[in-house]
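Asker: Quick one: this structure, given as structure tokens, is what I'll be asking you about.
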Amino acid sequence: MMITRSASQDDLPYIFDAYRLAFAFDEARTTNYVSMVGLEHFRVLEVDGLQAAVWALLPSGHWLGGKAVPAANIAHVAISPEHRGTGLAGVLLEAACKDAMRAGALIASLFASSRPVYRKAGFNLAGSEIIYEAETAQLYRVREEAASTRLDLEEVGVLRDIYDRSCRIDAGRLDRSDAHWNCLLDRSSSIPSAFVFGQNDGYVLLDTADPDCLVLRDYASLNGSASRQILKFLGSFSTVYPRVRWHGAPHDPLIFALPDKGWHLTHQEEFLLKLLDPAKALSRRGYACADMHFSLEIHGQDIEHLSVSIVDGIASVNQDRHAAMTVSIDAIQLPSLYTGFRSAAFLRHAGGLDGSDEAIMMLDRAFAGPAPWVGEHF
């Protein structure tokens with residue numbers, strides 16, 4: 001017999017053990033993580049009365065087309081070794097998605113340790129996590145005067161405002177909950193420092209714990225001047241820190257403002273996403289395209305027909321059949337199309353989507369935008 005329930009204080013010894021075996025976390029690290037996220041966001045799966053798996057379900061959203069779509073991040077999934085390979089992951093994901101829907105999420109996202117398992121549950125690639133490094137000695141070449149202001153860490157509202165404004169012109173990034181901000185501002189291993197630039201046009205959250213590399217726990221930039229100011233500011237640390245590292249976009253503003261040499265990509269991984277309610281999810285994201293109408297014939301266990309009308313960047317979706325401009329798509333490919341991670345033209349070429357040339361061009365315009373990414377690993 002399997003049951004899923006909210007975690008309680010009595011589950012903490014099990015969570016400590018599960019995270020030790022799954023992620024090599026010691027008890028102090030797990031205690032801190034649970035404290036930052038909140039025990040109320042953890043779930044436990046029991047098999048025949050014994051704890052078998054634990055995960056966190058973080059309320060969030062993903063910014064797409066200037067709007068934040070309600071979402072849930074399925075984070076730090078740990079299955080006890082004795083229960084691995086028994087099909088428990090599929091049960092866990094189904095329970096997590098139902099839980100997320102009850103909380104109002106329209107999409108769910110995660111990072112997968114084993115992609116085939118998650119694809120079987122309806123998740124597919126939806127965006128990137130990218131980490132860059134640059135040589136701080138190169139940053140003196142940036143032509144901009146840095147006008148920075150030190151910010152007290154209690155003034156997180158200022159950072160949130162700048163962050164949200166930057167997300168509206170981007171794609172994929174998280175509409176962060178308190179849990180996400182708590183992790184970014186964590187002081188358990190080192191105390192971060194926050195600096196704001198210009199007229200609240202950008203910020204950096206610095207971690208100076210590693211003398212070999214200055215780490216940006218987070219940053220946002222609203223314009224080119226702010227990006228150049230941030231780089232110039234980081235260059236002032238070159239006498240101590242030879243390198244600086246940060247999470248950035250495929251079209252990253254800091255990389256754009258950097259000299260041609262002196263930086264490189266150190267890590268890239270994709271997050272996966274599932275549409276929990278395709279009709280509502282399609283209607284909640286934004287669209288930067290001309291008014292249009294098309295139909296999606298989604299092939300999964302059953303065939304679902306969705307008629308989509310976009311007017312002034314807002315979509316209305318119903319489940320009617322519509323003969324004109326119909327595109328058929330494999331259900332597993334819908335997340336990649338939805339976020340703009342893969343175009344309709346590419347998916348047709350790869351065999352995951354079919355439609356007329358005119359219909360494909362229409363979908364490419366509907367889901368066009370910046371390449372989706374996230375600045376966190378959850």
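Each chain of the structure tokens is named A, B, ... in the order shown, its residues numbered from 1; ligands are numbered from 1 in display order.
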Would you kindly return, as an MDAnalysis selection string, each protein, DNA or RNA residue with an atom no farther than 8 Å from any atom of segment 276-291 of chain A, considering only C-alpha atoms and excluding same-chain residues fewer than 6 positions away?
Answerer: chainID A and resid 63:69 97 101 105:108 306 309:319 338 365:369
Asker: Within 12 Å of Ile131 of chain A, counting only C-alpha atoms, which residues show up once you throw out same-chain ones fewer than 2 positions away? Write them as number ranges by chain, please.
Answerer: A: 128-129, 133-134, 215-218, 244-250, 252, 254-255, 263-270, 373-377
Asker: Please produce a file of the residues just selected, as a PDB file, in the first residue's frame, where the atoms kept are C-alpha atoms.
Answerer:
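Output file again22.pdb is given in full below:
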```pdb
ATOM      1  CA  SER A 128      18.491  25.875 -19.755  1.00  0.00           C
ATOM      2  CA  GLU A 129      20.564  26.382 -16.644  1.00  0.00           C
ATOM      3  CA  GLU A 133      33.008  32.207 -15.666  1.00  0.00           C
ATOM      4  CA  ALA A 134      35.103  35.234 -16.550  1.00  0.00           C
ATOM      5  CA  VAL A 215      30.440  33.980  -7.025  1.00  0.00           C
ATOM      6  CA  LEU A 216      27.316  35.880  -8.015  1.00  0.00           C
ATOM      7  CA  ARG A 217      24.562  34.077  -6.178  1.00  0.00           C
ATOM      8  CA  ASP A 218      22.199  36.203  -8.222  1.00  0.00           C
ATOM      9  CA  VAL A 244      33.920  35.407 -11.258  1.00  0.00           C
ATOM     10  CA  ARG A 245      31.089  32.892 -11.771  1.00  0.00           C
ATOM     11  CA  TRP A 246      27.365  33.378 -12.329  1.00  0.00           C
ATOM     12  CA  HIS A 247      24.162  31.803 -13.641  1.00  0.00           C
ATOM     13  CA  GLY A 248      23.183  33.468 -16.889  1.00  0.00           C
ATOM     14  CA  ALA A 249      20.980  33.356 -19.950  1.00  0.00           C
ATOM     15  CA  PRO A 250      21.826  31.844 -23.348  1.00  0.00           C
ATOM     16  CA  ASP A 252      23.323  36.755 -21.277  1.00  0.00           C
ATOM     17  CA  LEU A 254      26.967  40.317 -19.023  1.00  0.00           C
ATOM     18  CA  ILE A 255      28.458  38.135 -21.758  1.00  0.00           C
ATOM     19  CA  TRP A 263      35.132  34.175 -20.390  1.00  0.00           C
ATOM     20  CA  HIS A 264      33.782  30.662 -20.924  1.00  0.00           C
ATOM     21  CA  LEU A 265      30.775  28.467 -20.219  1.00  0.00           C
ATOM     22  CA  THR A 266      31.435  26.026 -17.361  1.00  0.00           C
ATOM     23  CA  HIS A 267      28.129  24.168 -17.045  1.00  0.00           C
ATOM     24  CA  GLN A 268      24.911  23.692 -18.974  1.00  0.00           C
ATOM     25  CA  GLU A 269      21.911  21.565 -18.086  1.00  0.00           C
ATOM     26  CA  GLU A 270      18.249  21.603 -19.050  1.00  0.00           C
ATOM     27  CA  TRP A 373      16.345  29.643 -18.835  1.00  0.00           C
ATOM     28  CA  VAL A 374      16.439  29.597 -15.050  1.00  0.00           C
ATOM     29  CA  GLY A 375      19.030  30.933 -12.626  1.00  0.00           C
ATOM     30  CA  GLU A 376      18.460  28.241 -10.003  1.00  0.00           C
ATOM     31  CA  HIS A 377      18.962  24.492  -9.718  1.00  0.00           C
TER      32      HIS A 377
END
```
Asker: Write out as a count of residues only which residues come within 7 Å of Pro242 of chain A when counting only C-alpha atoms, dropping same-chain ones fewer than 6 positions away.
Answerer: 5
Asker: A:Glu40, A:Leu93, A:Val117, A:Ala257: which is nearest Val142 of chain A, counting only C-alpha atoms?
Answerer: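 Among A:Glu40, A:Leu93, A:Val117, A:Ala257, it is A:Ala257 that comes nearest to Val142 of chain A.
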Asker: Could you give me, as a PDB file with N, CA and C atoms, in the first residue's frame, each residue of segment 24-247 of chain A that DSSP assigns to strand (DSSP E or B) when run on this structure's backbone?
Answerer:
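Listing of selection.pdb after writing:
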```pdb
ATOM      1  N   PHE A  42       7.470  19.921   2.151  1.00  0.00           N
ATOM      2  CA  PHE A  42       8.026  18.590   1.917  1.00  0.00           C
ATOM      3  C   PHE A  42       6.925  17.538   1.937  1.00  0.00           C
ATOM      4  N   ARG A  43       7.102  16.518   1.101  1.00  0.00           N
ATOM      5  CA  ARG A  43       6.169  15.406   1.016  1.00  0.00           C
ATOM      6  C   ARG A  43       6.925  14.094   1.209  1.00  0.00           C
ATOM      7  N   VAL A  44       6.232  13.117   1.800  1.00  0.00           N
ATOM      8  CA  VAL A  44       6.808  11.798   2.044  1.00  0.00           C
ATOM      9  C   VAL A  44       5.905  10.751   1.414  1.00  0.00           C
ATOM     10  N   LEU A  45       6.525   9.794   0.735  1.00  0.00           N
ATOM     11  CA  LEU A  45       5.803   8.655   0.180  1.00  0.00           C
ATOM     12  C   LEU A  45       6.100   7.429   1.036  1.00  0.00           C
ATOM     13  N   GLU A  46       5.046   6.802   1.515  1.00  0.00           N
ATOM     14  CA  GLU A  46       5.179   5.590   2.320  1.00  0.00           C
ATOM     15  C   GLU A  46       4.777   4.365   1.509  1.00  0.00           C
ATOM     16  N   VAL A  47       5.505   3.275   1.713  1.00  0.00           N
ATOM     17  CA  VAL A  47       5.174   1.986   1.119  1.00  0.00           C
ATOM     18  C   VAL A  47       5.001   0.983   2.247  1.00  0.00           C
ATOM     19  N   LEU A  50       6.159   2.249   5.592  1.00  0.00           N
ATOM     20  CA  LEU A  50       7.551   2.670   5.759  1.00  0.00           C
ATOM     21  C   LEU A  50       7.868   3.824   4.811  1.00  0.00           C
ATOM     22  N   GLN A  51       8.610   4.788   5.312  1.00  0.00           N
ATOM     23  CA  GLN A  51       9.012   5.920   4.473  1.00  0.00           C
ATOM     24  C   GLN A  51       9.920   5.423   3.350  1.00  0.00           C
ATOM     25  N   ALA A  52       9.579   5.804   2.107  1.00  0.00           N
ATOM     26  CA  ALA A  52      10.325   5.303   0.954  1.00  0.00           C
ATOM     27  C   ALA A  52      10.902   6.415   0.087  1.00  0.00           C
ATOM     28  N   ALA A  53      10.334   7.621   0.160  1.00  0.00           N
ATOM     29  CA  ALA A  53      10.816   8.727  -0.678  1.00  0.00           C
ATOM     30  C   ALA A  53      10.392  10.045  -0.059  1.00  0.00           C
ATOM     31  N   VAL A  54      11.147  11.099  -0.390  1.00  0.00           N
ATOM     32  CA  VAL A  54      10.843  12.444   0.086  1.00  0.00           C
ATOM     33  C   VAL A  54      11.200  13.436  -1.013  1.00  0.00           C
ATOM     34  N   TRP A  55      10.455  14.522  -1.096  1.00  0.00           N
ATOM     35  CA  TRP A  55      10.747  15.589  -2.043  1.00  0.00           C
ATOM     36  C   TRP A  55      10.147  16.887  -1.536  1.00  0.00           C
ATOM     37  N   ALA A  56      10.574  17.991  -2.138  1.00  0.00           N
ATOM     38  CA  ALA A  56      10.000  19.302  -1.831  1.00  0.00           C
ATOM     39  C   ALA A  56       9.173  19.756  -3.022  1.00  0.00           C
ATOM     40  N   LEU A  57       8.049  20.389  -2.740  1.00  0.00           N
ATOM     41  CA  LEU A  57       7.173  20.942  -3.770  1.00  0.00           C
ATOM     42  C   LEU A  57       7.082  22.442  -3.522  1.00  0.00           C
ATOM     43  N   LEU A  58       7.826  23.208  -4.326  1.00  0.00           N
ATOM     44  CA  LEU A  58       7.959  24.639  -4.091  1.00  0.00           C
ATOM     45  C   LEU A  58       6.993  25.424  -4.963  1.00  0.00           C
ATOM     46  N   PRO A  59       6.135  26.242  -4.370  1.00  0.00           N
ATOM     47  CA  PRO A  59       5.257  27.095  -5.182  1.00  0.00           C
ATOM     48  C   PRO A  59       6.088  28.132  -5.914  1.00  0.00           C
ATOM     49  N   SER A  60       5.799  28.334  -7.182  1.00  0.00           N
ATOM     50  CA  SER A  60       6.560  29.302  -7.972  1.00  0.00           C
ATOM     51  C   SER A  60       5.756  29.654  -9.217  1.00  0.00           C
ATOM     52  N   GLY A  61       6.445  30.098 -10.226  1.00  0.00           N
ATOM     53  CA  GLY A  61       5.859  30.370 -11.534  1.00  0.00           C
ATOM     54  C   GLY A  61       6.991  30.421 -12.531  1.00  0.00           C
ATOM     55  N   HIS A  62       6.662  30.371 -13.807  1.00  0.00           N
ATOM     56  CA  HIS A  62       7.652  30.582 -14.857  1.00  0.00           C
ATOM     57  C   HIS A  62       7.184  31.744 -15.716  1.00  0.00           C
ATOM     58  N   TRP A  63       8.079  32.741 -15.895  1.00  0.00           N
ATOM     59  CA  TRP A  63       7.753  33.908 -16.712  1.00  0.00           C
ATOM     60  C   TRP A  63       7.845  33.542 -18.189  1.00  0.00           C
ATOM     61  N   LEU A  64       6.736  33.756 -18.899  1.00  0.00           N
ATOM     62  CA  LEU A  64       6.687  33.479 -20.335  1.00  0.00           C
ATOM     63  C   LEU A  64       5.847  34.553 -21.019  1.00  0.00           C
ATOM     64  N   LYS A  67       4.349  37.266 -18.641  1.00  0.00           N
ATOM     65  CA  LYS A  67       3.423  36.853 -17.596  1.00  0.00           C
ATOM     66  C   LYS A  67       3.990  35.670 -16.827  1.00  0.00           C
ATOM     67  N   ALA A  68       3.672  35.608 -15.543  1.00  0.00           N
ATOM     68  CA  ALA A  68       4.121  34.502 -14.710  1.00  0.00           C
ATOM     69  C   ALA A  68       3.027  33.436 -14.661  1.00  0.00           C
ATOM     70  N   VAL A  69       3.335  32.253 -15.165  1.00  0.00           N
ATOM     71  CA  VAL A  69       2.385  31.147 -15.173  1.00  0.00           C
ATOM     72  C   VAL A  69       2.530  30.379 -13.863  1.00  0.00           C
ATOM     73  N   PRO A  70       1.446  30.193 -13.089  1.00  0.00           N
ATOM     74  CA  PRO A  70       1.541  29.469 -11.802  1.00  0.00           C
ATOM     75  C   PRO A  70       2.164  28.087 -11.982  1.00  0.00           C
ATOM     76  N   ALA A  71       3.143  27.790 -11.144  1.00  0.00           N
ATOM     77  CA  ALA A  71       3.913  26.557 -11.306  1.00  0.00           C
ATOM     78  C   ALA A  71       4.285  25.972  -9.954  1.00  0.00           C
ATOM     79  N   ALA A  72       4.844  24.779 -10.005  1.00  0.00           N
ATOM     80  CA  ALA A  72       5.439  24.143  -8.833  1.00  0.00           C
ATOM     81  C   ALA A  72       6.762  23.533  -9.264  1.00  0.00           C
ATOM     82  N   ASN A  73       7.799  23.726  -8.455  1.00  0.00           N
ATOM     83  CA  ASN A  73       9.097  23.090  -8.698  1.00  0.00           C
ATOM     84  C   ASN A  73       9.178  21.831  -7.842  1.00  0.00           C
ATOM     85  N   ILE A  74       9.371  20.696  -8.482  1.00  0.00           N
ATOM     86  CA  ILE A  74       9.569  19.439  -7.760  1.00  0.00           C
ATOM     87  C   ILE A  74      11.065  19.318  -7.502  1.00  0.00           C
ATOM     88  N   ALA A  75      11.457  19.455  -6.245  1.00  0.00           N
ATOM     89  CA  ALA A  75      12.878  19.639  -5.916  1.00  0.00           C
ATOM     90  C   ALA A  75      13.392  18.560  -4.969  1.00  0.00           C
ATOM     91  N   HIS A  76      14.660  18.217  -5.143  1.00  0.00           N
ATOM     92  CA  HIS A  76      15.386  17.324  -4.242  1.00  0.00           C
ATOM     93  C   HIS A  76      14.593  16.041  -3.954  1.00  0.00           C
ATOM     94  N   VAL A  77      14.305  15.323  -5.034  1.00  0.00           N
ATOM     95  CA  VAL A  77      13.637  14.032  -4.910  1.00  0.00           C
ATOM     96  C   VAL A  77      14.657  12.998  -4.437  1.00  0.00           C
ATOM     97  N   ALA A  78      14.370  12.329  -3.334  1.00  0.00           N
ATOM     98  CA  ALA A  78      15.262  11.294  -2.796  1.00  0.00           C
ATOM     99  C   ALA A  78      14.449  10.033  -2.539  1.00  0.00           C
ATOM    100  N   ILE A  79      14.805   8.960  -3.227  1.00  0.00           N
ATOM    101  CA  ILE A  79      14.176   7.654  -3.032  1.00  0.00           C
ATOM    102  C   ILE A  79      15.160   6.768  -2.281  1.00  0.00           C
ATOM    103  N   ILE A 107       1.625  24.313 -14.375  1.00  0.00           N
ATOM    104  CA  ILE A 107       2.781  23.601 -14.913  1.00  0.00           C
ATOM    105  C   ILE A 107       3.657  23.153 -13.746  1.00  0.00           C
ATOM    106  N   ALA A 108       4.442  22.111 -13.977  1.00  0.00           N
ATOM    107  CA  ALA A 108       5.402  21.640 -12.975  1.00  0.00           C
ATOM    108  C   ALA A 108       6.758  21.514 -13.648  1.00  0.00           C
ATOM    109  N   SER A 109       7.822  21.817 -12.916  1.00  0.00           N
ATOM    110  CA  SER A 109       9.163  21.763 -13.486  1.00  0.00           C
ATOM    111  C   SER A 109      10.118  21.103 -12.515  1.00  0.00           C
ATOM    112  N   LEU A 110      11.227  20.596 -13.056  1.00  0.00           N
ATOM    113  CA  LEU A 110      12.209  19.894 -12.239  1.00  0.00           C
ATOM    114  C   LEU A 110      13.504  19.724 -13.026  1.00  0.00           C
ATOM    115  N   ASN A 124       9.303  17.132 -20.288  1.00  0.00           N
ATOM    116  CA  ASN A 124      10.286  17.221 -21.365  1.00  0.00           C
ATOM    117  C   ASN A 124      11.078  18.517 -21.239  1.00  0.00           C
ATOM    118  N   LEU A 125      12.155  18.605 -22.013  1.00  0.00           N
ATOM    119  CA  LEU A 125      13.067  19.746 -21.934  1.00  0.00           C
ATOM    120  C   LEU A 125      12.327  21.048 -22.212  1.00  0.00           C
ATOM    121  N   ALA A 126      12.633  22.065 -21.390  1.00  0.00           N
ATOM    122  CA  ALA A 126      11.886  23.322 -21.506  1.00  0.00           C
ATOM    123  C   ALA A 126      12.763  24.552 -21.397  1.00  0.00           C
ATOM    124  N   GLY A 127      14.022  24.416 -21.032  1.00  0.00           N
ATOM    125  CA  GLY A 127      14.892  25.579 -20.885  1.00  0.00           C
ATOM    126  C   GLY A 127      16.221  25.173 -20.303  1.00  0.00           C
ATOM    127  N   SER A 128      17.101  26.138 -20.143  1.00  0.00           N
ATOM    128  CA  SER A 128      18.491  25.875 -19.755  1.00  0.00           C
ATOM    129  C   SER A 128      18.856  26.470 -18.407  1.00  0.00           C
ATOM    130  N   GLU A 129      19.803  25.809 -17.761  1.00  0.00           N
ATOM    131  CA  GLU A 129      20.564  26.382 -16.644  1.00  0.00           C
ATOM    132  C   GLU A 129      22.004  26.477 -17.133  1.00  0.00           C
ATOM    133  N   ILE A 130      22.563  27.676 -17.134  1.00  0.00           N
ATOM    134  CA  ILE A 130      23.902  27.907 -17.670  1.00  0.00           C
ATOM    135  C   ILE A 130      24.742  28.642 -16.629  1.00  0.00           C
ATOM    136  N   ILE A 131      25.980  28.200 -16.478  1.00  0.00           N
ATOM    137  CA  ILE A 131      26.922  28.875 -15.575  1.00  0.00           C
ATOM    138  C   ILE A 131      28.125  29.347 -16.379  1.00  0.00           C
ATOM    139  N   TYR A 132      28.432  30.628 -16.244  1.00  0.00           N
ATOM    140  CA  TYR A 132      29.567  31.243 -16.929  1.00  0.00           C
ATOM    141  C   TYR A 132      30.672  31.579 -15.925  1.00  0.00           C
ATOM    142  N   GLU A 133      31.882  31.671 -16.442  1.00  0.00           N
ATOM    143  CA  GLU A 133      33.008  32.207 -15.666  1.00  0.00           C
ATOM    144  C   GLU A 133      33.758  33.210 -16.524  1.00  0.00           C
ATOM    145  N   ALA A 134      34.300  34.228 -15.854  1.00  0.00           N
ATOM    146  CA  ALA A 134      35.103  35.234 -16.550  1.00  0.00           C
ATOM    147  C   ALA A 134      36.316  35.573 -15.708  1.00  0.00           C
ATOM    148  N   GLU A 135      37.358  36.010 -16.367  1.00  0.00           N
ATOM    149  CA  GLU A 135      38.566  36.462 -15.661  1.00  0.00           C
ATOM    150  C   GLU A 135      38.339  37.898 -15.205  1.00  0.00           C
ATOM    151  N   SER A 148      27.466  52.216  -7.603  1.00  0.00           N
ATOM    152  CA  SER A 148      26.812  51.166  -6.815  1.00  0.00           C
ATOM    153  C   SER A 148      26.420  51.686  -5.442  1.00  0.00           C
ATOM    154  N   THR A 149      25.382  51.060  -4.879  1.00  0.00           N
ATOM    155  CA  THR A 149      24.910  51.354  -3.533  1.00  0.00           C
ATOM    156  C   THR A 149      24.792  50.052  -2.769  1.00  0.00           C
ATOM    157  N   ARG A 150      25.372  50.017  -1.585  1.00  0.00           N
ATOM    158  CA  ARG A 150      25.277  48.820  -0.742  1.00  0.00           C
ATOM    159  C   ARG A 150      23.859  48.717  -0.186  1.00  0.00           C
ATOM    160  N   LEU A 151      23.303  47.505  -0.204  1.00  0.00           N
ATOM    161  CA  LEU A 151      21.932  47.285   0.231  1.00  0.00           C
ATOM    162  C   LEU A 151      21.921  46.336   1.411  1.00  0.00           C
ATOM    163  N   LEU A 174      12.102  31.963 -12.953  1.00  0.00           N
ATOM    164  CA  LEU A 174      11.151  31.649 -11.897  1.00  0.00           C
ATOM    165  C   LEU A 174      10.484  32.893 -11.327  1.00  0.00           C
ATOM    166  N   SER A 193      26.608  39.677   0.051  1.00  0.00           N
ATOM    167  CA  SER A 193      26.553  41.136   0.034  1.00  0.00           C
ATOM    168  C   SER A 193      25.781  41.584  -1.201  1.00  0.00           C
ATOM    169  N   ALA A 194      24.876  42.545  -1.017  1.00  0.00           N
ATOM    170  CA  ALA A 194      24.024  43.020  -2.113  1.00  0.00           C
ATOM    171  C   ALA A 194      24.405  44.444  -2.498  1.00  0.00           C
ATOM    172  N   PHE A 195      24.487  44.699  -3.808  1.00  0.00           N
ATOM    173  CA  PHE A 195      24.788  46.020  -4.336  1.00  0.00           C
ATOM    174  C   PHE A 195      23.817  46.325  -5.477  1.00  0.00           C
ATOM    175  N   VAL A 196      23.300  47.548  -5.480  1.00  0.00           N
ATOM    176  CA  VAL A 196      22.362  47.999  -6.498  1.00  0.00           C
ATOM    177  C   VAL A 196      23.052  49.046  -7.362  1.00  0.00           C
ATOM    178  N   PHE A 197      22.717  49.092  -8.656  1.00  0.00           N
ATOM    179  CA  PHE A 197      23.393  49.974  -9.599  1.00  0.00           C
ATOM    180  C   PHE A 197      22.410  50.936 -10.260  1.00  0.00           C
ATOM    181  N   GLY A 202      19.820  47.515 -11.758  1.00  0.00           N
ATOM    182  CA  GLY A 202      20.454  46.208 -11.694  1.00  0.00           C
ATOM    183  C   GLY A 202      20.993  45.957 -10.297  1.00  0.00           C
ATOM    184  N   TYR A 203      21.340  44.715 -10.028  1.00  0.00           N
ATOM    185  CA  TYR A 203      21.923  44.372  -8.719  1.00  0.00           C
ATOM    186  C   TYR A 203      22.794  43.132  -8.845  1.00  0.00           C
ATOM    187  N   VAL A 204      23.664  42.952  -7.856  1.00  0.00           N
ATOM    188  CA  VAL A 204      24.423  41.713  -7.702  1.00  0.00           C
ATOM    189  C   VAL A 204      24.316  41.271  -6.250  1.00  0.00           C
ATOM    190  N   LEU A 205      24.293  39.956  -6.059  1.00  0.00           N
ATOM    191  CA  LEU A 205      24.333  39.354  -4.737  1.00  0.00           C
ATOM    192  C   LEU A 205      25.609  38.523  -4.693  1.00  0.00           C
ATOM    193  N   LEU A 206      26.628  39.047  -3.980  1.00  0.00           N
ATOM    194  CA  LEU A 206      27.972  38.475  -4.006  1.00  0.00           C
ATOM    195  C   LEU A 206      28.193  37.469  -2.891  1.00  0.00           C
ATOM    196  N   ASP A 207      28.915  36.373  -3.240  1.00  0.00           N
ATOM    197  CA  ASP A 207      29.401  35.414  -2.255  1.00  0.00           C
ATOM    198  C   ASP A 207      30.919  35.403  -2.376  1.00  0.00           C
ATOM    199  N   CYS A 213      37.471  32.206  -6.547  1.00  0.00           N
ATOM    200  CA  CYS A 213      36.408  32.577  -7.484  1.00  0.00           C
ATOM    201  C   CYS A 213      35.329  33.378  -6.764  1.00  0.00           C
ATOM    202  N   LEU A 214      35.071  34.572  -7.250  1.00  0.00           N
ATOM    203  CA  LEU A 214      33.972  35.395  -6.752  1.00  0.00           C
ATOM    204  C   LEU A 214      32.675  34.858  -7.370  1.00  0.00           C
ATOM    205  N   VAL A 215      31.679  34.596  -6.548  1.00  0.00           N
ATOM    206  CA  VAL A 215      30.440  33.980  -7.025  1.00  0.00           C
ATOM    207  C   VAL A 215      29.287  34.979  -6.942  1.00  0.00           C
ATOM    208  N   LEU A 216      28.561  35.138  -8.051  1.00  0.00           N
ATOM    209  CA  LEU A 216      27.316  35.880  -8.015  1.00  0.00           C
ATOM    210  C   LEU A 216      26.202  34.890  -7.692  1.00  0.00           C
ATOM    211  N   ARG A 217      25.706  34.944  -6.483  1.00  0.00           N
ATOM    212  CA  ARG A 217      24.562  34.077  -6.178  1.00  0.00           C
ATOM    213  C   ARG A 217      23.365  34.447  -7.054  1.00  0.00           C
ATOM    214  N   ASP A 218      23.306  35.742  -7.404  1.00  0.00           N
ATOM    215  CA  ASP A 218      22.199  36.203  -8.222  1.00  0.00           C
ATOM    216  C   ASP A 218      22.574  37.562  -8.794  1.00  0.00           C
ATOM    217  N   TYR A 219      21.984  37.884  -9.941  1.00  0.00           N
ATOM    218  CA  TYR A 219      22.144  39.227 -10.488  1.00  0.00           C
ATOM    219  C   TYR A 219      20.992  39.498 -11.435  1.00  0.00           C
ATOM    220  N   ALA A 220      20.729  40.756 -11.678  1.00  0.00           N
ATOM    221  CA  ALA A 220      19.745  41.173 -12.682  1.00  0.00           C
ATOM    222  C   ALA A 220      20.205  42.489 -13.267  1.00  0.00           C
ATOM    223  N   SER A 221      19.911  42.674 -14.555  1.00  0.00           N
ATOM    224  CA  SER A 221      20.301  43.899 -15.250  1.00  0.00           C
ATOM    225  C   SER A 221      19.173  44.301 -16.186  1.00  0.00           C
ATOM    226  N   ARG A 243      38.742  34.934 -10.759  1.00  0.00           N
ATOM    227  CA  ARG A 243      37.609  34.581 -11.609  1.00  0.00           C
ATOM    228  C   ARG A 243      36.299  35.006 -10.949  1.00  0.00           C
ATOM    229  N   VAL A 244      35.269  35.149 -11.756  1.00  0.00           N
ATOM    230  CA  VAL A 244      33.920  35.407 -11.258  1.00  0.00           C
ATOM    231  C   VAL A 244      32.974  34.443 -11.973  1.00  0.00           C
ATOM    232  N   ARG A 245      31.998  33.911 -11.223  1.00  0.00           N
ATOM    233  CA  ARG A 245      31.089  32.892 -11.771  1.00  0.00           C
ATOM    234  C   ARG A 245      29.647  33.312 -11.527  1.00  0.00           C
ATOM    235  N   TRP A 246      28.775  33.029 -12.509  1.00  0.00           N
ATOM    236  CA  TRP A 246      27.365  33.378 -12.329  1.00  0.00           C
ATOM    237  C   TRP A 246      26.470  32.504 -13.213  1.00  0.00           C
ATOM    238  N   HIS A 247      25.201  32.384 -12.796  1.00  0.00           N
ATOM    239  CA  HIS A 247      24.162  31.803 -13.641  1.00  0.00           C
ATOM    240  C   HIS A 247      23.703  32.873 -14.631  1.00  0.00           C
TER     241      HIS A 247
END
```
Asker: Could you write out, as a ChimeraX atom specification, all the residues of segment 142-173 of chain A that DSSP marks as alpha helix (DSSP H)?
Answerer: /A:156-167
Asker: Please write the residues from the selection above to a file, keeping N, CA and C atoms, as an mmCIF file, in the first residue's frame.
Answerer:
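Below is the file that was written, out-v4.cif:
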```cif
data_model
loop_
_atom_site.group_PDB
_atom_site.id
_atom_site.type_symbol
_atom_site.label_atom_id
_atom_site.label_comp_id
_atom_site.auth_asym_id
_atom_site.auth_seq_id
_atom_site.Cartn_x
_atom_site.Cartn_y
_atom_site.Cartn_z
ATOM 1 N N VAL A 156 15.166 43.061 0.926
ATOM 2 C CA VAL A 156 15.046 42.140 -0.201
ATOM 3 C C VAL A 156 13.972 42.595 -1.185
ATOM 4 N N GLY A 157 13.034 43.412 -0.733
ATOM 5 C CA GLY A 157 11.991 43.913 -1.624
ATOM 6 C C GLY A 157 12.545 44.672 -2.809
ATOM 7 N N VAL A 158 13.646 45.392 -2.620
ATOM 8 C CA VAL A 158 14.278 46.128 -3.720
ATOM 9 C C VAL A 158 14.795 45.141 -4.763
ATOM 10 N N LEU A 159 15.462 44.076 -4.297
ATOM 11 C CA LEU A 159 15.974 43.065 -5.215
ATOM 12 C C LEU A 159 14.829 42.373 -5.954
ATOM 13 N N ARG A 160 13.773 42.062 -5.234
ATOM 14 C CA ARG A 160 12.625 41.387 -5.854
ATOM 15 C C ARG A 160 12.018 42.240 -6.969
ATOM 16 N N ASP A 161 11.924 43.529 -6.725
ATOM 17 C CA ASP A 161 11.333 44.415 -7.729
ATOM 18 C C ASP A 161 12.181 44.443 -8.994
ATOM 19 N N ILE A 162 13.496 44.594 -8.841
ATOM 20 C CA ILE A 162 14.382 44.617 -10.004
ATOM 21 C C ILE A 162 14.335 43.270 -10.721
ATOM 22 N N TYR A 163 14.357 42.195 -9.950
ATOM 23 C CA TYR A 163 14.316 40.855 -10.527
ATOM 24 C C TYR A 163 13.043 40.654 -11.350
ATOM 25 N N ASP A 164 11.887 40.989 -10.784
ATOM 26 C CA ASP A 164 10.619 40.799 -11.487
ATOM 27 C C ASP A 164 10.558 41.625 -12.768
ATOM 28 N N ARG A 165 11.077 42.848 -12.701
ATOM 29 C CA ARG A 165 11.083 43.687 -13.911
ATOM 30 C C ARG A 165 11.951 43.061 -15.000
ATOM 31 N N SER A 166 13.063 42.455 -14.613
ATOM 32 C CA SER A 166 13.938 41.823 -15.612
ATOM 33 C C SER A 166 13.288 40.572 -16.199
ATOM 34 N N CYS A 167 12.472 39.874 -15.402
ATOM 35 C CA CYS A 167 11.823 38.648 -15.883
ATOM 36 C C CYS A 167 10.770 38.932 -16.945
#
```
Asker: I need the residue nearest Arg228 of chain A from this list: A:Ala100, A:Leu272, A:Ala146, A:Ala209. Use only C-alpha atoms for the distance.
Answerer: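 Checking each candidate against Arg228 of chain A, we get A:Ala146 as the closest.
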